[in-house]
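Structure first, commentary second.
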Amino acid sequence: MKYKNFVLFILVSFLSILLAAPAGQFYQRFIRMPVGFGSFIIPIFWYNFTDGIILSFIFFLTLLFTAFGDQKKYWWIGILLIPAALFEVYFDLAHIYFPIALGLLGWLVGKGIEMVVPKLWTQKV
Amino acid sequence: MEFFFKQGARAGLLAGGVFSAAFSIFLAFPHWASAATELQYDGGYGYGLVTQTLTKAKSPYIVHGGCFAATKIPYGATVTVDPGVILKFAIESGCGSGPGHIGVLGNLFVNGTSEEPVIFTSIRDDSVGGDTSGDGSATVPRPGDWNDIEIISSSGANTIGIHNAIFRYGGFKGASIDIWSGTSSVTFENIELAYNAGFGIKTSLPLTLASSSFHDNLSGAINADNLWAPQVDARNNWWGEASGPSVAGNPGGHGQTFRGNVLYDPWIGKVLPNQPPALSFSSESGYQTDGVEPNIAFLSKLPTFKVVFADADNNPPTYVRIVIDGLPYDLAKDTGQDGIFVNGEVYAFTATSTLPSGQHTYHFETSDGIVTARLPASGELNFTLKNDPVIIIPGILGSEQKNGVWVIDPIFHTYDNLIDTFRVNGYADGVDLFTFPYQWRNSNVDTAVLLKDKIAGVKAICGCDKVDLVAHSMGGLVARQYIQSNYYAHDIDQLIFLGTPHLGAPNAYLTWEGGETGRRLPDRVLNFIFTREAEKTGYASLFDYVRHRPITSIEELLPIYDYLKDKSANTLRQYPNNYPRNQFLEELNANVSKLYDSGILLTNIVGDLGPSSTLNTVRVIDSPFLPLWNHGFPDGYDGTTYDLGMEVGSGDGTLPLKSSEFIYSDISVQSTEHTALPTHAESLIINKLAAIKDPELVNNWHFPNFKLLIIKILSPADIVVIAPDGKRVGKDFTIGQEVNQIDGAFYSGFTTDDEYITIPNPLDGEYKVETIGTGNGGEYTVAAGYISDDVLVSKDFQANTLPNMVSELKIDINSSTPQNLRVTPTDNVPPEITILSPLAQDYTRPFVLPLLVTATDTGSGVYSQSLAFDGKIATSSDMVDLFYLPLGIHTVMATATDFMGNVAIASTSFKLIASVTSTISDIERSYSLGWINNAGIKKSLIKKLQEIKKEDKKEKEDDERKHKKNEEKRKEEFKEFLQELKKQRGRHVNEQAFTLIQEDINWLINN
């Protein structure tokens, strides 16, 4: 498929937005950084959303591209991770291990899918 | 006993006029046992009485019979009888006359009273006036003992008025009162005719008798049966029996009878058919049409019902009640009633607080014990009981200005669901549903005063005494400040707190001490926005803004309990030692008893997300950033610790539970976050305020209005307008304050990002608009509009600004041609561009040309400039190596724009040409670039060109004419050179060198 990587990018973006708030909520279970002065008017949903959108983006990017990406998929991953990495370094350097771990996890799972799915496909065929 | 009347004695009486002496002698014979008074006679034959007044003091009086039976009141005389006088008629006979009698030809006024009637009776009647006859009980009075009062017509007018008098034991000749026709005026009132022989009264004259009593007269009460057949109106009298007179027309009557044309019905004692009671609306204002005031009432000021009960029989009601929704409630007599039911008595009832809000039906009922009455006669009336008006008070950050008007959270819509829930449950905006957005940056003490005014305004709208408050977050502190102040007007019925920081919130420490709002992304965005606001209003930083504006509300949110932990000691400091003080909360909680004693129904709704949800404690170290964090820098807040120094505990995410739970009245804990409390607690709130058990709830998801935020970020300029007469409105750039010298003009203020100015009835002429850049400057728009009844014209002008840069615009206004409204900058001169290099001349390839362009603007300054070389973007100071360019025309174009949008464009062109010298240089360059890879070829090519050049020069010097003739020869030589070059193409001369040198040679051939 000619624009496979582009389609995957759209899918990654959609999943990131969709699951940003739950991801952020999950993240806060470990980090437990309280909301600040803005919480007098800003719903906690938006705190979780902004916490989680980059994390879910990193996870789904590494997972889906590793699993289903075309050639240059790692090039895509590398380029697309740059803004995410900059974001995490700037806003949450103290917990940088978390997005790194998520990225590795996504890659591992993606790798597993990459290995298993073709076999299943071959068997089916 | 006989009385002998001697001529002599009578003559002596007449002559001497000493009637009394003679009368005394006369009186000597009858001896009266009790004192009695003689009437005064005129001494004439007619036994006429002189004008006299009979008084009670001299009562009883004797009216003689016999020879004195001709006693009369002659024409012209007036006898007046005072109340309580008794006239006893003697039973004398003689002179051919019978018992006592008074003929009335003059005036007789009998002025008895109901307490002291005048009594005309028998001498034998010892029951009044004593035993006048002195015979003890030997005689008893009998009908006919005396004659009558004979009212005789006279030749002149006479007036008889008999009021409150009793006539008994008279009627010797047929009636105790005998009225002849022709008598001028006879009035009777409240007389009693009893025990008379014959009739009580006989009349030839029409009479009216009322309130009188007739009984025990031997023939009857009234005899009007005579030639004159007068009509006697004897209605409303007592006829001796309740059954009324005994006449043919009253077959059941057993009382006194009468003769003649006598009206008798109704009579006293007659059993009338019962008149039904009647209910009507009171004439008192507000009650005239429906009997309730007010018709639309509020729970805090219940309505009063009034109705008028009337009964024609003057019967009191057995009940007067109102039936509301089918349930009866008794009305009580209103104050000031006189107890006369015939005239109507007012009954009232005030509704009780057990009535729920909503529409109710009602009607009035009553009964006099026999008949019931209803108002209205059928159907029901309606009244509405509304809940107390509600005012929603937002918390800190919960209000924003939109077009200059404060609105309640237009960005995150925190209160929209709650407001919609109120609406669907019967509340109406502006009727009983209100909001109170306010400038949250100010002190809550100041805001509380505004709240007082707001409540007063709401009360004026609803006509009610009290309101309900729903206060979220810091709004609860505003409400408490009002209630606990000395100017509280006792006009709050219920108060519901939603997550109010009664003891403060540690989050406020971050902002107050360090100008920080938190480390998570939304907090950082908030920090950015308020830092922009700070800079825009002239403060160096957010910390500077918070402390020196000041944003007092943040200080008033600082906790007043132990929340700072020294890292080194790992213990909590004790408030207030080494804490930023919050005197507002300290004082507010010191007299919290005022809140509890206010009589307000309090409900405290708090949020709880669990034990690790909320900043509870700040772990601090000595501040390395003084004066920031004067009381301690959060340990690792710069990202060097895991928790950034913020230790968590229970709360709603924003406030610790211990702070919100401080007010212990009717606490309700909701498992929700701070901003969600207004929505999450809707059911409870409606239940509390409107007594609706299962209210309809609204819970929509609202996307934040980020546009308002963007506007907030991007507005880069402030404004002042100067009218043609020099008056100003807007921001005084010099002192940073608002100025308004134009009558009626309005300025939204410069702290709002939607700055606007309105000027009513503008003058014709030129208005100047000055703008000053704020923040980081940038693009801005000035929109001017002219509005009249006939026309709406608007013009926009966009420009750019830098921080503190002042720019000026002109707006020409002509009311006769408003469509010509123009907004033009004062600076309408574009920048001046100078292209220093390249010059408009010929260049050859060996040159490296710098692009040197300058732009200047004496007006608003150069905002931007751009450069293009042969259509491609270039920058000034670029160096253009002509070696690589094709021969021919090349162009440099420069554009410059000033801050007012004036644009200047300049360009210059030059020609790139070739010469033998430049071609030689090109060959050298090509060799140095490796395009020609053989030094011998290079030398050969150069040598050939040098020879051509030398020859050309020599011929030119020798003979100009010959030189021209040899141009063809030159061309041939150049062509030969080209042939040589071609031989080397691809061998020792690459394509680039070949193309370049070929172009040069062709140029030389053609030029």
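Residues in the structure tokens are numbered from 1 in each chain, the chains being A, B, ... in the order shown, and ligands are numbered from 1 in the order shown.
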Which residues of chain A sit at most 10 Å from chain B, using only C-alpha atoms? Give each one's shortest atom pair and distance in Å (one decimal place), in chain and ascending residue order, as a Markdown table.
| residue | atom | partner | partner_atom | distance |
| --- | --- | --- | --- | --- |
| A:Gln28 | CA | B:Ser613 | CA | 9.6 |
| A:Arg29 | CA | B:Ser612 | CA | 9.3 |
| A:Ile31 | CA | B:Asp643 | CA | 7.6 |
| A:Arg32 | CA | B:Ser612 | CA | 7.3 |
| A:Met33 | CA | B:Asp643 | CA | 6.2 |
| A:Pro34 | CA | B:Leu615 | CA | 5.6 |
| A:Val35 | CA | B:Gly653 | CA | 6.7 |
| A:Gly36 | CA | B:Gly518 | CA | 4.3 |
| A:Phe37 | CA | B:Thr517 | CA | 4.9 |
| A:Gly38 | CA | B:Asp523 | CA | 5.2 |
| A:Ser39 | CA | B:Thr654 | CA | 5.9 |
| A:Phe40 | CA | B:Thr654 | CA | 6.4 |
| A:Ile41 | CA | B:Thr675 | CA | 5.9 |
| A:Ile42 | CA | B:Phe412 | CA | 6.8 |
| A:Pro43 | CA | B:Thr675 | CA | 5.7 |
| A:Ile44 | CA | B:Glu673 | CA | 7.4 |
| A:Phe45 | CA | B:Glu673 | CA | 9.9 |
| A:Trp46 | CA | B:Pro522 | CA | 7.1 |
| A:Tyr47 | CA | B:Pro522 | CA | 6.1 |
| A:Asn48 | CA | B:Arg520 | CA | 9.4 |
| A:Phe49 | CA | B:Pro522 | CA | 9.6 |
| A:Thr50 | CA | B:Leu521 | CA | 6.4 |
| A:Asp51 | CA | B:Leu521 | CA | 7.3 |
| A:Phe91 | CA | B:Leu521 | CA | 7.4 |
| A:Asp92 | CA | B:Gly639 | CA | 7.7 |
| A:Leu93 | CA | B:Gly639 | CA | 7.1 |
| A:Ala94 | CA | B:Gly639 | CA | 5.5 |
| A:His95 | CA | B:Tyr642 | CA | 7.8 |
Please produce a file of those selected residues containing N, CA, C and O atoms, as a compact mmCIF listing (two decimals), in the first residue's frame.
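The resulting file, again20.txt, is reproduced below:
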# COMPACT_ATOMS: atom_id res chain seq x y z
N GLN A 28 -0.97 9.01 36.09
CA GLN A 28 -1.02 9.67 37.38
C GLN A 28 -1.08 8.68 38.53
O GLN A 28 -0.76 9.02 39.67
N ARG A 29 -1.52 7.45 38.25
CA ARG A 29 -1.49 6.43 39.31
C ARG A 29 -0.07 6.21 39.79
O ARG A 29 0.16 5.86 40.95
N ILE A 31 2.61 8.52 39.07
CA ILE A 31 3.34 9.76 39.31
C ILE A 31 2.76 10.54 40.48
O ILE A 31 3.45 11.07 41.31
N ARG A 32 1.43 10.57 40.49
CA ARG A 32 0.72 11.26 41.56
C ARG A 32 1.19 12.70 41.72
O ARG A 32 1.45 13.16 42.82
N MET A 33 1.27 13.41 40.62
CA MET A 33 1.57 14.82 40.71
C MET A 33 0.24 15.56 40.79
O MET A 33 -0.59 15.46 39.89
N PRO A 34 0.04 16.30 41.87
CA PRO A 34 -1.27 16.93 42.02
C PRO A 34 -1.49 18.06 41.01
O PRO A 34 -0.52 18.62 40.47
N VAL A 35 -2.73 18.35 40.76
CA VAL A 35 -3.05 19.48 39.91
C VAL A 35 -2.74 20.76 40.67
O VAL A 35 -2.67 20.77 41.89
N GLY A 36 -2.54 21.81 39.90
CA GLY A 36 -2.13 23.07 40.51
C GLY A 36 -3.27 24.06 40.61
O GLY A 36 -4.44 23.69 40.71
N PHE A 37 -2.91 25.34 40.57
CA PHE A 37 -3.88 26.41 40.78
C PHE A 37 -4.97 26.42 39.72
O PHE A 37 -6.09 26.82 40.00
N GLY A 38 -4.62 25.96 38.53
CA GLY A 38 -5.61 25.96 37.45
C GLY A 38 -6.79 25.07 37.72
O GLY A 38 -7.85 25.23 37.11
N SER A 39 -6.62 24.13 38.66
CA SER A 39 -7.71 23.18 38.92
C SER A 39 -8.91 23.83 39.55
O SER A 39 -9.95 23.22 39.69
N PHE A 40 -8.77 25.09 39.96
CA PHE A 40 -9.95 25.79 40.46
C PHE A 40 -10.98 25.95 39.35
O PHE A 40 -12.17 26.15 39.62
N ILE A 41 -10.55 25.90 38.08
CA ILE A 41 -11.50 26.07 36.99
C ILE A 41 -11.32 25.05 35.88
O ILE A 41 -12.25 24.77 35.13
N ILE A 42 -10.10 24.45 35.77
CA ILE A 42 -9.86 23.52 34.68
C ILE A 42 -10.20 22.11 35.15
O ILE A 42 -9.66 21.63 36.14
N PRO A 43 -11.09 21.43 34.45
CA PRO A 43 -11.43 20.06 34.84
C PRO A 43 -10.23 19.13 34.80
O PRO A 43 -9.35 19.31 33.94
N ILE A 44 -10.19 18.17 35.68
CA ILE A 44 -9.08 17.24 35.74
C ILE A 44 -8.96 16.46 34.45
O ILE A 44 -7.88 16.00 34.08
N PHE A 45 -10.04 16.33 33.72
CA PHE A 45 -10.01 15.65 32.43
C PHE A 45 -8.90 16.23 31.55
O PHE A 45 -8.16 15.48 30.90
N TRP A 46 -8.80 17.55 31.52
CA TRP A 46 -7.81 18.17 30.64
C TRP A 46 -6.38 17.97 31.16
O TRP A 46 -5.43 17.96 30.38
N TYR A 47 -6.24 17.85 32.46
CA TYR A 47 -4.92 17.50 33.00
C TYR A 47 -4.53 16.11 32.52
O TYR A 47 -3.41 15.89 32.04
N ASN A 48 -5.43 15.17 32.66
CA ASN A 48 -5.16 13.80 32.23
C ASN A 48 -4.95 13.75 30.73
O ASN A 48 -4.08 13.03 30.24
N PHE A 49 -5.72 14.53 30.01
CA PHE A 49 -5.62 14.51 28.55
C PHE A 49 -4.24 14.97 28.11
O PHE A 49 -3.59 14.33 27.28
N THR A 50 -3.81 16.09 28.66
CA THR A 50 -2.51 16.63 28.25
C THR A 50 -1.37 15.77 28.75
O THR A 50 -0.33 15.66 28.10
N ASP A 51 -1.56 15.12 29.91
CA ASP A 51 -0.54 14.18 30.37
C ASP A 51 -0.45 12.98 29.44
O ASP A 51 0.63 12.49 29.13
N PHE A 91 8.69 19.27 29.45
CA PHE A 91 7.62 19.37 30.45
C PHE A 91 7.74 18.37 31.59
O PHE A 91 7.18 18.60 32.65
N ASP A 92 8.39 17.24 31.34
CA ASP A 92 8.35 16.21 32.38
C ASP A 92 9.66 15.42 32.40
O ASP A 92 9.65 14.19 32.40
N LEU A 93 10.78 16.11 32.47
CA LEU A 93 12.07 15.44 32.45
C LEU A 93 12.24 14.50 33.63
O LEU A 93 12.87 13.45 33.52
N ALA A 94 11.65 14.88 34.77
CA ALA A 94 11.82 14.07 35.97
C ALA A 94 11.27 12.66 35.78
O ALA A 94 11.70 11.73 36.45
N HIS A 95 10.31 12.50 34.89
CA HIS A 95 9.71 11.18 34.71
C HIS A 95 9.94 10.68 33.30
O HIS A 95 9.08 9.99 32.73
key: Long-range neighbours of stretch 76-79 of chain A as a PyMOL selection string, 9 Å cut-off, only C-alpha atoms, 5 positions minimum in chain   = chain A and resi 5+9+58+61-62+65-66+69
key: Distance in Å - atom CA of B:Asp827 versus atom CA of B:Pro716   =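 It comes out at 19.7 Å.
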message = When you look at A:Leu19 with a cut-off of 8 Å (counting only C-alpha atoms), what residues show up, excluding the ones that are within fewer than 4 positions of it in the same chain? I need them as a ChimeraX atom specification.
response = /A:15,23,52-53,56
Only N, CA and C atoms, please: the residues just picked out, written as a PDB file, in the first residue's frame.
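Generated file (selection_33.pdb):
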ATOM      1  N   LEU A  15      -6.021   7.263  17.749  1.00  0.00           N
ATOM      2  CA  LEU A  15      -5.986   6.497  18.991  1.00  0.00           C
ATOM      3  C   LEU A  15      -5.401   7.327  20.125  1.00  0.00           C
ATOM      4  N   ALA A  23      -5.050   7.375  29.410  1.00  0.00           N
ATOM      5  CA  ALA A  23      -3.604   7.187  29.543  1.00  0.00           C
ATOM      6  C   ALA A  23      -3.041   8.123  30.595  1.00  0.00           C
ATOM      7  N   GLY A  52      -1.605  12.525  28.989  1.00  0.00           N
ATOM      8  CA  GLY A  52      -1.655  11.233  28.320  1.00  0.00           C
ATOM      9  C   GLY A  52      -1.515  11.264  26.812  1.00  0.00           C
ATOM     10  N   ILE A  53      -1.735  12.399  26.216  1.00  0.00           N
ATOM     11  CA  ILE A  53      -1.768  12.378  24.750  1.00  0.00           C
ATOM     12  C   ILE A  53      -0.408  12.032  24.157  1.00  0.00           C
ATOM     13  N   SER A  56       0.328   8.251  24.982  1.00  0.00           N
ATOM     14  CA  SER A  56      -0.390   7.306  24.128  1.00  0.00           C
ATOM     15  C   SER A  56       0.114   7.414  22.694  1.00  0.00           C
TER      16      SER A  56
END
Pull the strand (DSSP E or B) assignments for stretch 293-392 of chain B out of DSSP run on the backbone, and list those residues as a short mmCIF file (atom, residue, chain, number, x, y, z; two decimals) with N, CA and C atoms, in the first residue's frame.
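states.cif, written as the output of this step:
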data_model
loop_
_atom_site.label_atom_id
_atom_site.label_comp_id
_atom_site.auth_asym_id
_atom_site.auth_seq_id
_atom_site.Cartn_x
_atom_site.Cartn_y
_atom_site.Cartn_z
N GLU B 293 -52.51 37.99 47.90
CA GLU B 293 -51.44 38.95 47.64
C GLU B 293 -50.13 38.42 48.23
N ILE B 296 -48.13 35.75 42.74
CA ILE B 296 -46.93 34.95 42.54
C ILE B 296 -46.02 35.28 43.72
N ALA B 297 -45.88 34.35 44.59
CA ALA B 297 -45.14 34.60 45.83
C ALA B 297 -43.93 33.68 45.89
N PHE B 298 -43.09 33.98 46.85
CA PHE B 298 -41.90 33.18 47.06
C PHE B 298 -41.96 32.51 48.41
N LYS B 301 -41.50 34.56 51.43
CA LYS B 301 -42.53 35.57 51.76
C LYS B 301 -43.84 35.03 51.23
N THR B 304 -50.76 36.05 51.49
CA THR B 304 -51.87 36.16 52.42
C THR B 304 -53.17 36.17 51.62
N PHE B 305 -54.16 35.49 52.16
CA PHE B 305 -55.48 35.42 51.52
C PHE B 305 -56.46 36.22 52.36
N LYS B 306 -57.35 36.98 51.69
CA LYS B 306 -58.37 37.74 52.42
C LYS B 306 -59.70 37.63 51.68
N VAL B 307 -60.74 37.53 52.46
CA VAL B 307 -62.08 37.47 51.86
C VAL B 307 -63.05 38.17 52.80
N VAL B 308 -64.13 38.70 52.25
CA VAL B 308 -65.13 39.41 53.05
C VAL B 308 -66.35 38.52 53.21
N PHE B 309 -66.72 38.31 54.47
CA PHE B 309 -67.95 37.55 54.79
C PHE B 309 -69.04 38.53 55.16
N ALA B 310 -70.20 38.37 54.53
CA ALA B 310 -71.35 39.23 54.87
C ALA B 310 -72.58 38.37 54.99
N ASP B 311 -73.47 38.77 55.91
CA ASP B 311 -74.72 38.03 56.09
C ASP B 311 -75.86 39.03 56.32
N TYR B 319 -68.01 28.91 59.84
CA TYR B 319 -66.63 28.81 59.40
C TYR B 319 -66.43 29.67 58.17
N VAL B 320 -65.20 30.15 58.05
CA VAL B 320 -64.74 30.77 56.81
C VAL B 320 -63.40 30.13 56.52
N ARG B 321 -63.28 29.50 55.39
CA ARG B 321 -62.03 28.79 55.14
C ARG B 321 -61.63 28.91 53.68
N ILE B 322 -60.36 28.59 53.46
CA ILE B 322 -59.85 28.52 52.10
C ILE B 322 -59.46 27.08 51.85
N VAL B 323 -59.76 26.61 50.66
CA VAL B 323 -59.41 25.25 50.29
C VAL B 323 -58.30 25.33 49.24
N ILE B 324 -57.10 24.91 49.64
CA ILE B 324 -55.94 24.97 48.74
C ILE B 324 -55.60 23.56 48.32
N LEU B 327 -57.33 20.96 50.22
CA LEU B 327 -57.18 20.91 51.69
C LEU B 327 -57.69 22.21 52.30
N PRO B 328 -58.56 22.10 53.35
CA PRO B 328 -59.13 23.32 53.95
C PRO B 328 -58.21 23.93 55.00
N TYR B 329 -58.21 25.24 55.03
CA TYR B 329 -57.48 25.99 56.05
C TYR B 329 -58.42 27.08 56.54
N ASP B 330 -58.58 27.18 57.88
CA ASP B 330 -59.50 28.18 58.44
C ASP B 330 -58.91 29.58 58.34
N ALA B 332 -59.10 33.49 59.85
CA ALA B 332 -59.45 34.17 61.09
C ALA B 332 -59.85 35.60 60.78
N LYS B 333 -60.65 36.17 61.70
CA LYS B 333 -61.11 37.53 61.47
C LYS B 333 -59.91 38.46 61.45
N GLU B 345 -67.43 41.39 57.12
CA GLU B 345 -66.26 41.27 57.96
C GLU B 345 -65.14 40.61 57.15
N VAL B 346 -63.93 41.09 57.34
CA VAL B 346 -62.80 40.57 56.57
C VAL B 346 -62.14 39.43 57.34
N TYR B 347 -61.88 38.34 56.63
CA TYR B 347 -61.18 37.19 57.19
C TYR B 347 -59.88 36.99 56.42
N ALA B 348 -58.87 36.55 57.13
CA ALA B 348 -57.55 36.44 56.50
C ALA B 348 -56.86 35.16 56.89
N PHE B 349 -55.89 34.77 56.02
CA PHE B 349 -55.09 33.57 56.26
C PHE B 349 -53.76 33.74 55.55
N THR B 350 -52.67 33.43 56.22
CA THR B 350 -51.35 33.47 55.57
C THR B 350 -50.88 32.04 55.36
N GLY B 358 -44.70 25.84 43.30
CA GLY B 358 -45.48 25.40 42.15
C GLY B 358 -46.80 26.12 42.08
N GLN B 359 -47.62 25.71 41.14
CA GLN B 359 -48.92 26.36 41.00
C GLN B 359 -49.94 25.62 41.86
N HIS B 360 -50.81 26.39 42.53
CA HIS B 360 -51.80 25.82 43.42
C HIS B 360 -53.17 26.36 43.07
N THR B 361 -54.20 25.53 43.34
CA THR B 361 -55.58 25.99 43.15
C THR B 361 -56.18 26.32 44.51
N TYR B 362 -57.20 27.20 44.51
CA TYR B 362 -57.85 27.52 45.77
C TYR B 362 -59.22 28.11 45.52
N HIS B 363 -60.06 28.03 46.55
CA HIS B 363 -61.32 28.76 46.56
C HIS B 363 -61.68 28.98 48.02
N PHE B 364 -62.65 29.87 48.26
CA PHE B 364 -63.10 30.20 49.61
C PHE B 364 -64.45 29.54 49.87
N GLU B 365 -64.71 29.18 51.12
CA GLU B 365 -66.00 28.59 51.51
C GLU B 365 -66.44 29.19 52.83
N THR B 366 -67.76 29.22 53.02
CA THR B 366 -68.26 29.67 54.32
C THR B 366 -69.66 29.09 54.53
N SER B 367 -70.17 29.25 55.77
CA SER B 367 -71.53 28.83 56.09
C SER B 367 -72.02 29.66 57.26
N THR B 372 -74.46 27.44 52.78
CA THR B 372 -73.03 27.64 52.48
C THR B 372 -72.89 28.60 51.30
N ALA B 373 -71.74 29.15 51.21
CA ALA B 373 -71.42 30.03 50.07
C ALA B 373 -70.00 29.74 49.64
N ARG B 374 -69.70 30.04 48.40
CA ARG B 374 -68.39 29.72 47.81
C ARG B 374 -67.92 30.89 46.95
N LEU B 375 -66.63 31.10 46.94
CA LEU B 375 -66.06 32.14 46.08
C LEU B 375 -64.76 31.58 45.45
N LEU B 381 -59.48 29.21 41.62
CA LEU B 381 -58.50 30.26 41.35
C LEU B 381 -57.10 29.66 41.47
N ASN B 382 -56.11 30.38 40.98
CA ASN B 382 -54.74 29.86 41.02
C ASN B 382 -53.79 30.87 41.63
N PHE B 383 -52.82 30.36 42.33
CA PHE B 383 -51.69 31.18 42.74
C PHE B 383 -50.43 30.34 42.59
N THR B 384 -49.32 31.04 42.48
CA THR B 384 -48.05 30.36 42.26
C THR B 384 -47.11 30.63 43.42
N LEU B 385 -46.54 29.57 43.89
CA LEU B 385 -45.54 29.69 44.94
C LEU B 385 -44.19 29.33 44.33
N LYS B 386 -43.35 30.32 44.28
CA LYS B 386 -42.06 30.07 43.64
C LYS B 386 -41.00 29.88 44.71
N VAL B 390 -32.58 32.20 43.18
CA VAL B 390 -31.26 31.61 43.41
C VAL B 390 -30.21 32.47 42.73
N ILE B 391 -29.13 32.69 43.44
CA ILE B 391 -27.99 33.38 42.84
C ILE B 391 -26.81 32.41 42.90
N ILE B 392 -26.21 32.15 41.75
CA ILE B 392 -25.06 31.26 41.68
C ILE B 392 -23.80 32.11 41.72
#
key: Nearby residues (only C-alpha atoms) at most 12 Å from B:Asp131, same-chain spacing under 3 positions excluded, as a PyMOL selection string   = chain B and resi 31-36+60+88+122-128+134-141
message = I'd like the neighbourhood of B:Ile889 as a VMD selection string, where a residue qualifies if any of its atoms comes within 8 Å (using only C-alpha atoms), though same-chain residues fewer than 2 positions away should be ignored.
response = chain B and resid 887 891 909 to 912
Writing out the chosen residues with C-alpha atoms as a JSON list (two decimals), in the first residue's frame:
[["chain", "number", "residue", "atom", "x", "y", "z"],
["B", 887, "LEU", "CA", 24.90, 36.58, -19.32],
["B", 891, "THR", "CA", 17.16, 42.27, -11.48],
["B", 909, "SER", "CA", 18.75, 45.82, -13.08],
["B", 910, "PHE", "CA", 22.20, 45.27, -14.36],
["B", 911, "LYS", "CA", 23.68, 43.52, -17.42],
["B", 912, "LEU", "CA", 26.12, 40.71, -17.15]]
message = Quick check for you: according to DSSP on this backbone, which residues of stretch 494-689 of chain B are classed as helix (DSSP H, G or I)? Reply as a ChimeraX atom specification.
response = /B:507-514,521-536,542-548,552-555,583-590,593-596,657-660,674-680,682-689
ask   = Which one of B:Val989, B:Ile102, B:Val618, B:Ile91 sits closest to B:Asn934 if you count only C-alpha atoms?
value =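 The shortest atom-to-atom distance to B:Asn934 comes from B:Val989.
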inquiry  = So, with only C-alpha atoms as the atoms that count, which of A:Phe87, A:Phe59, A:Phe26, A:Phe6 lies closest to A:Ala101?
reply    = A:Phe59
